[in-house]
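final.txt follows; it contains compact mmCIF, C-alpha atoms.
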# COMPACT_ATOMS: atom_id res chain seq x y z
CA MET D 13 106.02 135.60 75.26
CA ARG D 14 106.50 132.25 76.97
CA LYS D 15 105.78 133.94 80.34
CA TYR D 16 102.39 135.21 79.12
CA VAL D 17 101.45 131.81 77.67
CA CYS D 18 102.18 130.20 81.06
CA LEU D 19 100.18 132.90 82.85
CA ILE D 20 97.18 132.34 80.58
CA ALA D 21 97.45 128.58 81.14
CA VAL D 22 97.41 129.08 84.92
CA LEU D 23 94.40 131.39 84.68
CA LEU D 24 92.51 128.85 82.57
CA VAL D 25 93.25 126.10 85.06
CA ASN D 26 92.07 128.31 87.91
CA LEU D 27 88.88 129.17 86.05
CA CYS D 28 88.23 125.49 85.42
CA VAL D 29 88.77 124.62 89.09
CA PHE D 30 86.48 127.47 90.18
CA ALA D 31 83.76 126.34 87.76
CA GLN D 32 83.87 122.86 89.30
CA GLY D 33 84.03 124.29 92.79
CA THR D 34 86.75 124.16 95.42
CA LYS D 35 87.19 120.72 96.94
CA LEU D 36 89.56 119.44 99.57
CA GLN D 37 92.09 116.87 98.49
CA ARG D 38 91.44 113.31 99.60
CA ALA D 39 93.88 111.41 101.79
CA THR D 40 93.80 107.99 103.36
CA PRO D 41 93.19 107.97 107.10
CA GLU D 42 96.63 106.44 107.61
CA GLU D 43 98.27 109.34 105.75
CA MET D 44 96.68 111.67 108.29
CA LYS D 45 97.55 109.50 111.29
CA MET D 46 94.10 107.98 111.62
CA SER D 47 92.82 104.41 111.49
CA SER D 48 90.66 103.44 108.51
CA GLU D 49 89.60 100.31 110.37
CA LYS D 50 88.20 102.39 113.23
CA LEU D 51 86.54 104.89 110.86
CA SER D 52 84.76 102.01 109.13
CA LEU D 53 82.74 101.60 112.34
CA ILE D 54 80.77 104.68 111.27
CA ASP D 55 78.94 102.36 108.87
CA ASN D 56 77.39 100.46 111.78
CA VAL D 57 76.02 103.61 113.43
CA VAL D 58 74.52 105.14 110.29
CA ASN D 59 73.08 101.89 108.98
CA GLN D 60 71.45 101.24 112.36
CA ALA D 61 69.90 104.72 112.33
CA ILE D 62 68.47 103.99 108.88
CA LYS D 63 67.21 100.60 110.03
CA ASP D 64 65.54 102.27 113.04
CA THR D 65 63.90 104.74 110.61
CA ILE D 66 65.52 107.68 112.39
CA ILE D 67 66.77 108.87 109.01
CA PRO D 68 66.25 107.80 105.39
CA GLY D 69 69.95 108.24 104.67
CA ALA D 70 72.99 110.39 105.38
CA VAL D 71 76.33 111.66 104.20
CA VAL D 72 79.23 111.62 106.66
CA CYS D 73 82.46 113.53 106.05
CA VAL D 74 85.59 113.65 108.21
CA VAL D 75 88.21 116.35 107.72
CA ARG D 76 91.73 116.18 109.18
CA LYS D 77 93.73 119.37 108.78
CA ASP D 78 93.08 120.23 105.10
CA LYS D 79 92.22 116.78 103.77
CA VAL D 80 89.07 114.70 103.52
CA VAL D 81 89.82 111.32 105.07
CA PHE D 82 86.30 109.91 105.05
CA LEU D 83 83.32 110.70 102.81
CA LYS D 84 80.48 108.27 102.38
CA ALA D 85 76.80 108.29 101.44
CA TYR D 86 74.27 105.94 103.02
CA GLY D 87 70.68 104.97 102.29
CA HIS D 88 68.33 107.22 100.36
CA LYS D 89 67.95 110.96 99.97
CA ALA D 90 64.25 110.44 99.21
CA ILE D 91 61.81 107.70 100.11
CA TYR D 92 58.64 109.57 99.11
CA PRO D 93 57.01 109.68 96.60
CA LYS D 94 59.73 107.38 95.25
CA LYS D 95 63.10 106.17 96.45
CA GLU D 96 66.23 108.02 95.34
CA LYS D 97 69.71 106.89 96.33
CA MET D 98 71.81 109.13 98.54
CA THR D 99 75.01 110.37 96.90
CA GLU D 100 78.13 112.01 98.32
CA ASN D 101 77.27 115.31 96.59
CA THR D 102 73.67 115.51 97.86
CA VAL D 103 72.72 119.05 98.90
CA PHE D 104 70.89 119.49 102.22
CA ASP D 105 68.81 122.15 103.91
CA LEU D 106 71.25 123.00 106.71
CA ALA D 107 68.54 124.49 108.98
CA SER D 108 70.22 126.07 112.02
CA CYS D 109 73.73 125.22 110.83
CA SER D 110 72.99 128.24 108.62
CA LYS D 111 73.40 130.35 111.74
CA CYS D 112 77.11 129.46 111.67
CA VAL D 113 78.17 129.14 108.04
CA GLY D 114 75.96 131.99 106.83
CA THR D 115 75.17 134.53 109.53
CA THR D 116 78.06 134.12 111.99
CA LEU D 117 80.91 133.98 109.48
CA SER D 118 79.45 137.02 107.72
CA PHE D 119 78.94 138.88 110.98
CA MET D 120 82.45 138.22 112.24
CA GLN D 121 83.77 139.80 109.04
CA LEU D 122 81.99 143.00 110.06
CA VAL D 123 83.56 142.84 113.51
CA GLU D 124 87.10 142.44 112.21
CA SER D 125 86.48 145.16 109.60
CA GLY D 126 85.62 147.72 112.26
CA LYS D 127 82.00 148.02 111.12
CA LEU D 128 80.61 147.24 114.59
CA ARG D 129 81.51 145.98 118.06
CA LEU D 130 80.23 143.01 119.98
CA ALA D 131 79.43 145.42 122.81
CA ASP D 132 77.27 147.64 120.60
CA ARG D 133 73.65 147.98 121.64
CA VAL D 134 71.11 146.56 119.22
CA ASP D 135 69.13 149.80 119.25
CA MET D 136 72.08 151.52 117.57
CA TYR D 137 71.07 149.64 114.43
CA ILE D 138 67.38 148.94 115.06
CA PRO D 139 65.83 152.10 116.53
CA GLY D 140 63.21 151.40 119.18
CA PHE D 141 64.56 147.93 120.00
CA GLU D 142 63.37 147.64 123.57
CA PRO D 143 65.64 146.80 126.50
CA TYR D 144 64.93 144.49 129.38
CA ILE D 145 63.25 146.39 132.22
CA GLY D 146 64.11 145.13 135.70
CA GLU D 147 61.95 145.27 138.81
CA ASP D 148 63.65 148.54 139.73
CA GLY D 149 62.56 150.02 136.40
CA ALA D 150 66.13 150.32 135.14
CA PRO D 151 66.67 149.36 131.48
CA VAL D 152 69.32 146.80 130.48
CA HIS D 153 70.02 147.07 126.79
CA ILE D 154 70.55 144.02 124.59
CA ARG D 155 73.92 143.94 122.81
CA VAL D 156 75.25 142.22 119.72
CA ILE D 157 77.22 139.71 121.83
CA ASP D 158 74.04 138.77 123.68
CA LEU D 159 72.41 137.82 120.39
CA LEU D 160 75.39 135.75 119.22
CA THR D 161 75.55 133.79 122.50
CA HIS D 162 71.77 133.33 122.91
CA THR D 163 71.82 135.18 126.22
CA SER D 164 69.76 138.20 125.10
CA GLY D 165 66.52 137.34 126.84
CA LEU D 166 64.54 137.09 123.60
CA PRO D 167 62.06 134.21 123.41
CA ALA D 168 62.98 131.12 121.43
CA TYR D 169 60.62 131.54 118.48
CA VAL D 170 57.42 133.02 117.13
CA ASN D 171 55.15 131.24 114.69
CA PRO D 172 54.31 133.10 111.47
CA SER D 173 50.63 132.69 112.33
CA GLN D 174 51.16 134.79 115.47
CA VAL D 175 52.84 137.56 113.47
CA GLU D 176 50.02 137.49 110.95
CA LYS D 177 47.42 137.62 113.71
CA GLU D 178 49.00 140.72 115.26
CA TYR D 179 50.09 142.57 112.10
CA GLY D 180 47.74 141.30 109.42
CA ASN D 181 50.67 140.10 107.30
CA THR D 182 53.84 138.00 107.39
CA LYS D 183 56.34 140.56 106.14
CA PRO D 184 59.96 140.60 107.40
CA GLU D 185 59.38 144.12 108.76
CA SER D 186 56.49 142.87 110.88
CA LEU D 187 58.59 140.06 112.31
CA LEU D 188 61.38 142.50 113.20
CA ASP D 189 58.90 144.83 114.87
CA TRP D 190 57.50 141.90 116.86
CA ILE D 191 61.03 140.98 118.02
CA ALA D 192 61.85 144.60 118.86
CA HIS D 193 58.88 144.90 121.22
CA CYS D 194 58.18 141.37 122.50
CA LYS D 195 58.46 140.50 126.19
CA ARG D 196 62.04 139.78 127.27
CA VAL D 197 62.31 136.46 129.08
CA TYR D 198 65.20 137.44 131.36
CA LYS D 199 67.89 140.05 131.91
CA PRO D 200 70.64 139.83 129.26
CA THR D 201 73.47 137.42 130.23
CA ASN D 202 71.43 136.24 133.24
CA GLY D 203 69.90 133.32 131.41
CA TYR D 204 70.04 131.24 128.28
CA VAL D 205 67.35 130.47 125.69
CA TYR D 206 68.41 129.17 122.30
CA SER D 207 66.55 131.57 120.02
CA CYS D 208 66.08 131.85 116.28
CA LEU D 209 64.98 135.44 116.93
CA ASN D 210 68.52 136.35 118.00
CA PHE D 211 69.79 135.48 114.54
CA VAL D 212 66.96 137.14 112.68
CA THR D 213 67.92 140.28 114.59
CA LEU D 214 71.59 139.80 113.62
CA GLN D 215 70.46 139.47 110.02
CA HIS D 216 68.79 142.88 110.12
CA ILE D 217 71.82 144.48 111.77
CA LEU D 218 74.07 143.08 109.04
CA GLN D 219 71.71 144.30 106.34
CA LYS D 220 71.60 147.78 107.91
CA VAL D 221 75.41 147.98 108.13
CA THR D 222 76.24 146.54 104.71
CA GLY D 223 73.25 147.67 102.65
CA MET D 224 73.04 144.10 101.32
CA GLN D 225 70.66 141.22 101.93
CA LEU D 226 72.24 138.59 104.16
CA CYS D 227 71.90 135.97 101.42
CA ASP D 228 73.79 138.18 98.96
CA TYR D 229 76.49 139.17 101.45
CA ALA D 230 77.20 135.59 102.51
CA GLN D 231 77.18 134.37 98.92
CA LYS D 232 79.70 136.98 97.81
CA ASN D 233 81.97 137.14 100.85
CA ILE D 234 81.90 133.56 102.16
CA PHE D 235 80.62 130.99 99.67
CA ASP D 236 81.91 132.46 96.41
CA ARG D 237 85.18 133.61 97.96
CA LEU D 238 85.92 130.01 98.95
CA GLY D 239 84.77 128.77 95.53
CA LEU D 240 81.87 126.70 96.88
CA ALA D 241 79.83 125.48 93.93
CA HIS D 242 76.94 123.92 95.85
CA THR D 243 76.27 126.34 98.70
CA THR D 244 73.52 128.94 98.45
CA TYR D 245 70.32 130.34 99.84
CA MET D 246 67.03 129.79 97.96
CA PRO D 247 68.13 127.34 95.24
CA LYS D 248 64.57 126.86 94.00
CA ALA D 249 63.58 130.53 93.94
CA LEU D 250 66.86 131.50 92.26
CA LYS D 251 66.43 128.65 89.76
CA LYS D 252 69.83 127.12 90.44
CA LYS D 253 69.15 124.02 88.38
CA GLU D 254 72.44 122.23 88.95
CA ILE D 255 72.02 122.50 92.72
CA MET D 256 68.32 121.61 92.59
CA LYS D 257 69.18 118.29 90.93
CA LEU D 258 71.12 117.37 94.06
CA VAL D 259 68.82 118.68 96.81
CA ALA D 260 67.38 116.22 99.32
CA PRO D 261 63.69 116.75 100.10
CA THR D 262 62.49 117.49 103.61
CA GLU D 263 59.03 117.28 105.15
CA LYS D 264 55.85 116.28 103.34
CA GLN D 265 53.39 119.19 103.29
CA ALA D 266 49.60 119.33 103.48
CA ASP D 267 49.36 119.25 99.67
CA GLY D 268 51.18 115.91 99.61
CA LYS D 269 54.41 117.36 98.21
CA CYS D 270 57.74 117.54 99.99
CA LEU D 271 59.75 120.72 100.33
CA ILE D 272 62.67 120.65 97.88
CA GLY D 273 64.96 123.64 97.60
CA GLU D 274 62.79 125.65 99.98
CA VAL D 275 63.91 126.08 103.56
CA HIS D 276 62.03 123.95 106.10
CA ASP D 277 62.01 126.46 108.96
CA PRO D 278 58.68 128.42 109.04
CA ILE D 279 60.16 131.83 109.91
CA ALA D 280 62.76 131.49 107.17
CA ARG D 281 60.32 130.16 104.56
CA VAL D 282 57.01 131.91 105.26
CA ILE D 283 58.21 135.29 106.52
CA ASN D 284 61.75 135.81 105.21
CA LYS D 285 61.25 133.95 101.91
CA GLY D 286 64.55 132.11 102.30
CA ASN D 287 66.76 135.08 103.22
CA SER D 288 66.95 134.54 106.95
CA GLY D 289 69.50 134.74 109.74
CA ASN D 290 68.29 131.62 111.51
CA ALA D 291 68.09 129.16 108.59
CA GLY D 292 68.14 129.02 104.82
CA VAL D 293 71.56 127.82 103.64
CA PHE D 294 71.74 124.75 101.39
CA SER D 295 75.05 122.93 101.04
CA ASN D 296 76.76 119.58 100.71
CA ALA D 297 79.50 117.74 102.58
CA GLU D 298 82.39 118.71 100.31
CA ASP D 299 81.57 122.41 100.48
CA LEU D 300 81.21 122.31 104.26
CA ALA D 301 84.53 120.47 104.42
CA VAL D 302 86.17 123.49 102.76
CA ILE D 303 84.63 125.82 105.37
CA CYS D 304 85.82 123.55 108.19
CA ALA D 305 89.33 123.37 106.70
CA ALA D 306 89.42 127.16 106.45
CA LEU D 307 88.48 127.53 110.11
CA LEU D 308 91.01 124.88 111.17
CA ASN D 309 93.60 126.83 109.18
CA GLY D 310 92.99 130.19 110.83
CA GLY D 311 90.36 131.48 108.41
CA GLN D 312 91.73 130.67 104.98
CA TYR D 313 91.95 127.83 102.49
CA GLY D 314 93.55 127.67 99.07
CA GLY D 315 94.80 131.22 99.31
CA LYS D 316 91.27 132.53 99.93
CA ARG D 317 90.78 134.14 103.33
CA ILE D 318 87.36 134.68 104.92
CA LEU D 319 88.48 135.58 108.46
CA GLY D 320 91.68 136.45 110.32
CA PRO D 321 93.21 133.87 112.69
CA LEU D 322 92.50 135.92 115.80
CA THR D 323 88.86 136.27 114.71
CA VAL D 324 88.57 132.51 114.30
CA LYS D 325 90.16 131.95 117.69
CA ALA D 326 87.79 134.42 119.37
CA MET D 327 84.79 132.92 117.59
CA GLY D 328 85.60 129.47 118.95
CA GLU D 329 85.91 130.57 122.58
CA VAL D 330 83.12 131.00 125.13
CA PRO D 331 83.07 134.62 126.39
CA ALA D 332 83.86 134.81 130.11
CA GLU D 333 80.61 136.56 131.04
CA VAL D 334 78.47 133.67 129.68
CA VAL D 335 80.83 130.78 130.33
CA LYS D 336 78.22 128.78 132.26
CA TYR D 337 75.97 128.69 129.19
CA GLY D 338 78.63 127.26 126.88
CA ARG D 339 77.93 129.35 123.78
CA THR D 340 80.72 130.77 121.68
CA LEU D 341 80.20 133.62 119.21
CA GLY D 342 77.52 132.10 116.99
CA TRP D 343 78.41 128.47 117.68
CA ASP D 344 77.74 125.95 120.42
CA GLY D 345 80.88 125.55 122.48
CA ASP D 346 79.64 122.86 124.86
CA LEU D 347 79.46 119.80 122.60
CA ARG D 348 80.29 117.14 125.17
CA TYR D 349 77.88 114.24 125.29
CA TYR D 350 76.18 115.11 122.01
CA THR D 351 77.38 116.49 118.64
CA GLY D 352 81.06 116.62 119.56
CA GLY D 353 80.98 113.38 121.50
CA ASP D 354 82.82 112.39 124.66
CA LEU D 355 86.41 112.38 123.42
CA PHE D 356 87.18 115.53 121.45
CA SER D 357 88.76 118.45 123.30
CA LEU D 358 86.81 120.98 125.35
CA LYS D 359 87.68 123.56 122.68
CA THR D 360 85.44 121.77 120.18
CA TYR D 361 82.69 123.94 118.75
CA GLY D 362 79.93 123.29 116.24
CA HIS D 363 76.21 123.31 115.65
CA THR D 364 73.22 121.19 114.77
CA GLY D 365 70.36 121.77 112.35
CA TYR D 366 66.74 120.79 112.93
CA THR D 367 66.52 118.94 109.63
CA GLY D 368 69.25 116.51 110.69
CA THR D 369 72.55 118.26 110.01
CA SER D 370 75.57 118.87 112.24
CA ILE D 371 79.12 120.19 112.24
CA ALA D 372 81.74 119.65 114.95
CA ILE D 373 85.21 121.25 114.77
CA ASP D 374 88.05 120.38 117.16
CA PRO D 375 90.97 122.82 116.71
CA VAL D 376 93.14 120.81 119.14
CA SER D 377 93.14 117.65 117.00
CA ASN D 378 92.65 119.56 113.74
CA THR D 379 89.57 117.49 112.97
CA ALA D 380 86.03 118.19 111.81
CA VAL D 381 83.02 115.90 111.59
CA ILE D 382 80.16 116.73 109.22
CA ILE D 383 76.94 114.70 109.38
CA LEU D 384 74.20 115.55 106.91
CA SER D 385 70.79 113.91 106.85
CA ASN D 386 67.19 114.85 106.23
CA ARG D 387 65.59 113.27 109.27
CA VAL D 388 62.40 115.30 108.66
CA HIS D 389 61.73 113.41 105.41
CA PRO D 390 59.01 112.54 104.83
CA TYR D 391 57.81 113.13 108.40
CA ASP D 392 59.26 115.15 111.27
CA THR D 393 60.37 112.26 113.48
CA GLY D 394 63.57 110.77 114.83
CA ASN D 395 66.33 112.03 117.09
CA LEU D 396 69.98 112.07 116.00
CA ALA D 397 71.60 113.07 119.30
CA ARG D 398 72.90 109.58 120.08
CA PRO D 399 74.08 108.63 116.56
CA ARG D 400 75.92 111.95 116.26
CA THR D 401 77.76 111.33 119.51
CA LEU D 402 78.66 107.78 118.54
CA ILE D 403 80.09 108.94 115.21
CA SER D 404 82.15 111.70 116.83
CA ASN D 405 83.51 109.22 119.37
CA ILE D 406 84.53 106.87 116.55
CA VAL D 407 86.29 109.68 114.69
CA ALA D 408 88.11 110.89 117.81
CA GLY D 409 89.12 107.31 118.62
CA SER D 410 90.46 106.80 115.12
CA ILE D 411 93.24 109.39 115.66
CA VAL D 412 96.32 107.32 116.35
CA GLY D 413 99.12 109.81 115.69
CA GLU D 414 100.03 113.31 116.79
CA LEU D 415 97.16 115.72 117.35
CA GLN D 416 98.49 118.62 115.31

Would you mind writing the structure in this file as C-alpha cells?
Amino acid sequence: MRKYVCLIAVLLVNLCVFAQGTKLQRATPEEMKMSSEKLSLIDNVVNQAIKDTIIPGAVVCVVRKDKVVFLKAYGHKAIYPKKEKMTENTVFDLASCSKCVGTTLSFMQLVESGKLRLADRVDMYIPGFEPYIGEDGAPVHIRVIDLLTHTSGLPAYVNPSQVEKEYGNTKPESLLDWIAHCKRVYKPTNGYVYSCLNFVTLQHILQKVTGMQLCDYAQKNIFDRLGLAHTTYMPKALKKKEIMKLVAPTEKQADGKCLIGEVHDPIARVINKGNSGNAGVFSNAEDLAVICAALLNGGQYGGKRILGPLTVKAMGEVPAEVVKYGRTLGWDGDLRYYTGGDLFSLKTYGHTGYTGTSIAIDPVSNTAVIILSNRVHPYDTGNLARPRTLISNIVAGSIVGELQ
C-alpha cells in the first residue's frame, strides 16, 4: 500500500511540474566555472542598445551544460501605445529561429525514424516540383539536404502580393505551386541564397509524410514532449490566454495597432496563417534554454528525448559538399563575427530571427546564448549584429574553468 501511495505522490508532483512547464535549474556562474563579474558586462551592451533605440528591451539567457547561469530582462517589451516593462518570462515572435526549433528539430525526427532521407528528391513528396535545368538541358533535381542548407537554388522570398497577383488568392497551395515552378537561381549546391521558401517546402514535405500540420507535429513531438509551457504557434488564433498575456508586440501596422500573438513574417502570417516552416513559433527564454540544454545533452533533457545523439551531432555539422557556405542541417554553422561572436569554437551553430531573436550553441564549451528582443517594435529599424557579437564574446570570455 505504501508503495502505491508513494507512486501517486510522484505522479502528482510530475503533473504539477508539467503544468508549470519544464525549467532548467539555476546555478551561479561560479558553480559552472564562469565569472559573474564578466557576465555582468552584458548589462552595458544591452543598455547601450536600448539607449541607441536599436531595441526597446531584451531578455538575455546563458545556459551552461544543463543550468541557467544568467537570465535578465532589460527595458520595455512595449513602448507603443503605452510602455510595458520587459520581464524574464516575456514571450517573443521568434521569426526565423522558428526554422530551427520548429521545422528542423521536427524534420530531423523524420530522418532518424526512417521516414525520409536527406538525399531524397523533393519531387518524391511534391509531384511536379521542377528541377534546375542547366545550359546543356540536363535536369538537376533539388533534394531535401539542399533545402536544409539553403543551397537549393530557390529564390530568397516571394511577397504575398505577388502570389495573389498570379493566382488570384493567397492560399498555402498557391504559394507551394509558385515555389514548385519558380525560376531556380542556380544549380543546387553550386550557390547559396538564404531562403524562406526552402523551409516552406520542408513544411509541406513534413506534412505529406506525417499527415499532420507542422504546427501540430512540432507542438506534440518537440514542445510538449519537453514540457515547454510557453512555446507554441499561433497563440492569438488558438486563444492561448496565458501565453498572450506575456507576448511582446512587434511592428505597428497601417491601422495603428501592433501585431501581438500574430507572426510578423508576411508569408507566415498572410499566406500560411501562422502554420509555416519559415517562421511562426512564439517562445520565451526559459523554454528555449530547455531546448538548448537538450541539444547540448545529445538530444534529451529531464528524461525526455527529442533526438538521438548522433542526429544532434550530424545536425550541428556542415555537410562536406556545402562546406564553403557554412550551413549545417537547418542551422547556421558559420557564426564567427556575428551571432556566435569571435571566441566560441568553430563548432558553434545557431540562428537569428528577423524580429530580433537569436540562439547560439557551442557544444565544445557546453554553452548556449539566447538573446530575445523585438527590434521591429514599433518600427522596423535597428541592427543587432554588433550587440549580439559583443554579448557572445562576453559569455565566452566569462568561462574560466574547464570547457566540458

Mind checking which residues fall within 12 Å of D:Gly338, counting only C-alpha atoms, ignoring those fewer than 6 positions away in the same chain, and posting them as a PDB file with C-alpha atoms, in the frame of the given file?
ATOM      1  CA  LEU D 160      75.390 135.750 119.220  1.00  0.00           C
ATOM      2  CA  THR D 161      75.550 133.790 122.500  1.00  0.00           C
ATOM      3  CA  HIS D 162      71.770 133.330 122.910  1.00  0.00           C
ATOM      4  CA  THR D 163      71.820 135.180 126.220  1.00  0.00           C
ATOM      5  CA  THR D 201      73.470 137.420 130.230  1.00  0.00           C
ATOM      6  CA  GLY D 203      69.900 133.320 131.410  1.00  0.00           C
ATOM      7  CA  TYR D 204      70.040 131.240 128.280  1.00  0.00           C
ATOM      8  CA  VAL D 205      67.350 130.470 125.690  1.00  0.00           C
ATOM      9  CA  TYR D 206      68.410 129.170 122.300  1.00  0.00           C
ATOM     10  CA  GLY D 328      85.600 129.470 118.950  1.00  0.00           C
ATOM     11  CA  GLU D 329      85.910 130.570 122.580  1.00  0.00           C
ATOM     12  CA  VAL D 330      83.120 131.000 125.130  1.00  0.00           C
ATOM     13  CA  PRO D 331      83.070 134.620 126.390  1.00  0.00           C
ATOM     14  CA  ALA D 332      83.860 134.810 130.110  1.00  0.00           C
ATOM     15  CA  ASP D 344      77.740 125.950 120.420  1.00  0.00           C
ATOM     16  CA  GLY D 345      80.880 125.550 122.480  1.00  0.00           C
ATOM     17  CA  ASP D 346      79.640 122.860 124.860  1.00  0.00           C
ATOM     18  CA  LEU D 347      79.460 119.800 122.600  1.00  0.00           C
ATOM     19  CA  ARG D 348      80.290 117.140 125.170  1.00  0.00           C
ATOM     20  CA  LEU D 358      86.810 120.980 125.350  1.00  0.00           C
ATOM     21  CA  LYS D 359      87.680 123.560 122.680  1.00  0.00           C
ATOM     22  CA  THR D 360      85.440 121.770 120.180  1.00  0.00           C
ATOM     23  CA  TYR D 361      82.690 123.940 118.750  1.00  0.00           C
ATOM     24  CA  GLY D 362      79.930 123.290 116.240  1.00  0.00           C
TER      25      GLY D 362
END

_Using all atoms listed in the file: which of D:Tyr229, D:Glu298, D:Leu308, D:Leu258 has the shortest distance to D:Phe82_ =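 Nearest to D:Phe82: D:Glu298.
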
*Fewer than 3 positions away in the same chain doesn't count, so skip those; otherwise give me all residues within 8 Å of stretch 176-182 of chain D, counting all atoms listed in the file, as JSON, numbers by chain.*
{"D": [172, 173, 186, 187, 282, 283]}

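Those residues that approach D:Val75 to within 10 Å, counting all atoms listed in the file, are Leu36, Arg38, Ala39, Pro41, Met44, Val80, Val81, Phe82, Leu83, Glu298, Leu300, Ala301, Val302, Cys304, Ala305, Leu308, Ile373, Asn378, Thr379, Ala380, Val381, Ile382 and Val407 of chain D; same-chain residues fewer than 5 positions away are not listed.
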
*Leaving out D:Pro321 and any residue of its chain fewer than 2 positions from it, which residues lie within 7 Å of it when counting only C-alpha atoms, given as a list in words?*
Gly310, Gly311, Leu319, Thr323, Val324 and Lys325 of chain D

*Using all atoms listed in the file, determine which residues lie at most 9 Å from stretch 107-123 of chain D, disregarding the query and same-chain residues fewer than 6 positions distant; provide the list as an MDAnalysis selection string.*
chainID D and resid 129:130 160 208 211 214:215 218 221:222 226:227 229:231 233:235 275:277 288:294 300 303 318:320 323:324 327 341:343 362:371

_List as JSON, numbers by chain the residues having at least one atom at most 12 Å from position (69.5, 122.1, 94.1) as given in the file, counting all atoms listed in the file._
{"D": [101, 102, 103, 104, 105, 241, 242, 243, 244, 245, 246, 247, 248, 249, 250, 251, 252, 253, 254, 255, 256, 257, 258, 259, 260, 261, 271, 272, 273, 274, 275, 293, 294, 295, 296]}

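Nearest to D:Asn202 of all the residues D:Lys336, D:Lys183, D:Arg281, D:His389 is D:Lys336, counting all atoms listed in the file.
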
_Residue nearest D:Ala150 among D:Ala408, D:Val170, D:Ala306, D:Lys199 (counting all atoms listed in the file)_ =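 Result for the nearest residue to D:Ala150: D:Lys199.
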
Will you model all heavy atoms for stretch 398-403 of chain D and pass it back as a JSON list (two decimals), in the frame of the given file?
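The resulting rebuild_27.json:
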[["chain", "number", "residue", "atom", "x", "y", "z"],
["D", 398, "ARG", "N", 72.03, 110.71, 119.76],
["D", 398, "ARG", "CA", 72.90, 109.58, 120.08],
["D", 398, "ARG", "C", 73.78, 109.16, 118.89],
["D", 398, "ARG", "O", 75.00, 109.00, 119.06],
["D", 398, "ARG", "CB", 72.06, 108.40, 120.57],
["D", 398, "ARG", "CG", 72.90, 107.24, 121.09],
["D", 398, "ARG", "CD", 72.06, 106.17, 121.78],
["D", 398, "ARG", "NE", 72.92, 105.19, 122.42],
["D", 398, "ARG", "CZ", 73.41, 104.12, 121.79],
["D", 398, "ARG", "NH1", 73.09, 103.91, 120.52],
["D", 398, "ARG", "NH2", 74.20, 103.27, 122.42],
["D", 399, "PRO", "N", 73.22, 108.98, 117.69],
["D", 399, "PRO", "CA", 74.08, 108.63, 116.56],
["D", 399, "PRO", "C", 75.20, 109.65, 116.30],
["D", 399, "PRO", "O", 76.33, 109.28, 115.99],
["D", 399, "PRO", "CB", 73.11, 108.56, 115.38],
["D", 399, "PRO", "CG", 71.80, 108.21, 116.00],
["D", 399, "PRO", "CD", 71.79, 108.92, 117.32],
["D", 400, "ARG", "N", 74.89, 110.93, 116.46],
["D", 400, "ARG", "CA", 75.92, 111.95, 116.26],
["D", 400, "ARG", "C", 77.08, 111.75, 117.23],
["D", 400, "ARG", "O", 78.26, 111.84, 116.86],
["D", 400, "ARG", "CB", 75.33, 113.35, 116.46],
["D", 400, "ARG", "CG", 74.50, 113.86, 115.31],
["D", 400, "ARG", "CD", 73.80, 115.14, 115.72],
["D", 400, "ARG", "NE", 73.03, 115.72, 114.64],
["D", 400, "ARG", "CZ", 71.93, 116.44, 114.79],
["D", 400, "ARG", "NH1", 71.46, 116.66, 116.01],
["D", 400, "ARG", "NH2", 71.29, 116.93, 113.75],
["D", 401, "THR", "N", 76.74, 111.52, 118.49],
["D", 401, "THR", "CA", 77.76, 111.33, 119.51],
["D", 401, "THR", "C", 78.60, 110.09, 119.22],
["D", 401, "THR", "O", 79.83, 110.12, 119.35],
["D", 401, "THR", "CB", 77.12, 111.19, 120.90],
["D", 401, "THR", "OG1", 76.32, 112.34, 121.16],
["D", 401, "THR", "CG2", 78.17, 111.08, 121.98],
["D", 402, "LEU", "N", 77.94, 109.02, 118.84],
["D", 402, "LEU", "CA", 78.66, 107.78, 118.54],
["D", 402, "LEU", "C", 79.64, 107.98, 117.39],
["D", 402, "LEU", "O", 80.79, 107.51, 117.45],
["D", 402, "LEU", "CB", 77.67, 106.68, 118.20],
["D", 402, "LEU", "CG", 76.72, 106.23, 119.32],
["D", 402, "LEU", "CD1", 75.72, 105.22, 118.80],
["D", 402, "LEU", "CD2", 77.50, 105.66, 120.50],
["D", 403, "ILE", "N", 79.21, 108.70, 116.36],
["D", 403, "ILE", "CA", 80.09, 108.94, 115.21],
["D", 403, "ILE", "C", 81.28, 109.79, 115.61],
["D", 403, "ILE", "O", 82.43, 109.50, 115.24],
["D", 403, "ILE", "CB", 79.30, 109.59, 114.06],
["D", 403, "ILE", "CG1", 78.29, 108.59, 113.47],
["D", 403, "ILE", "CG2", 80.24, 110.10, 112.97],
["D", 403, "ILE", "CD1", 77.32, 109.19, 112.48]]
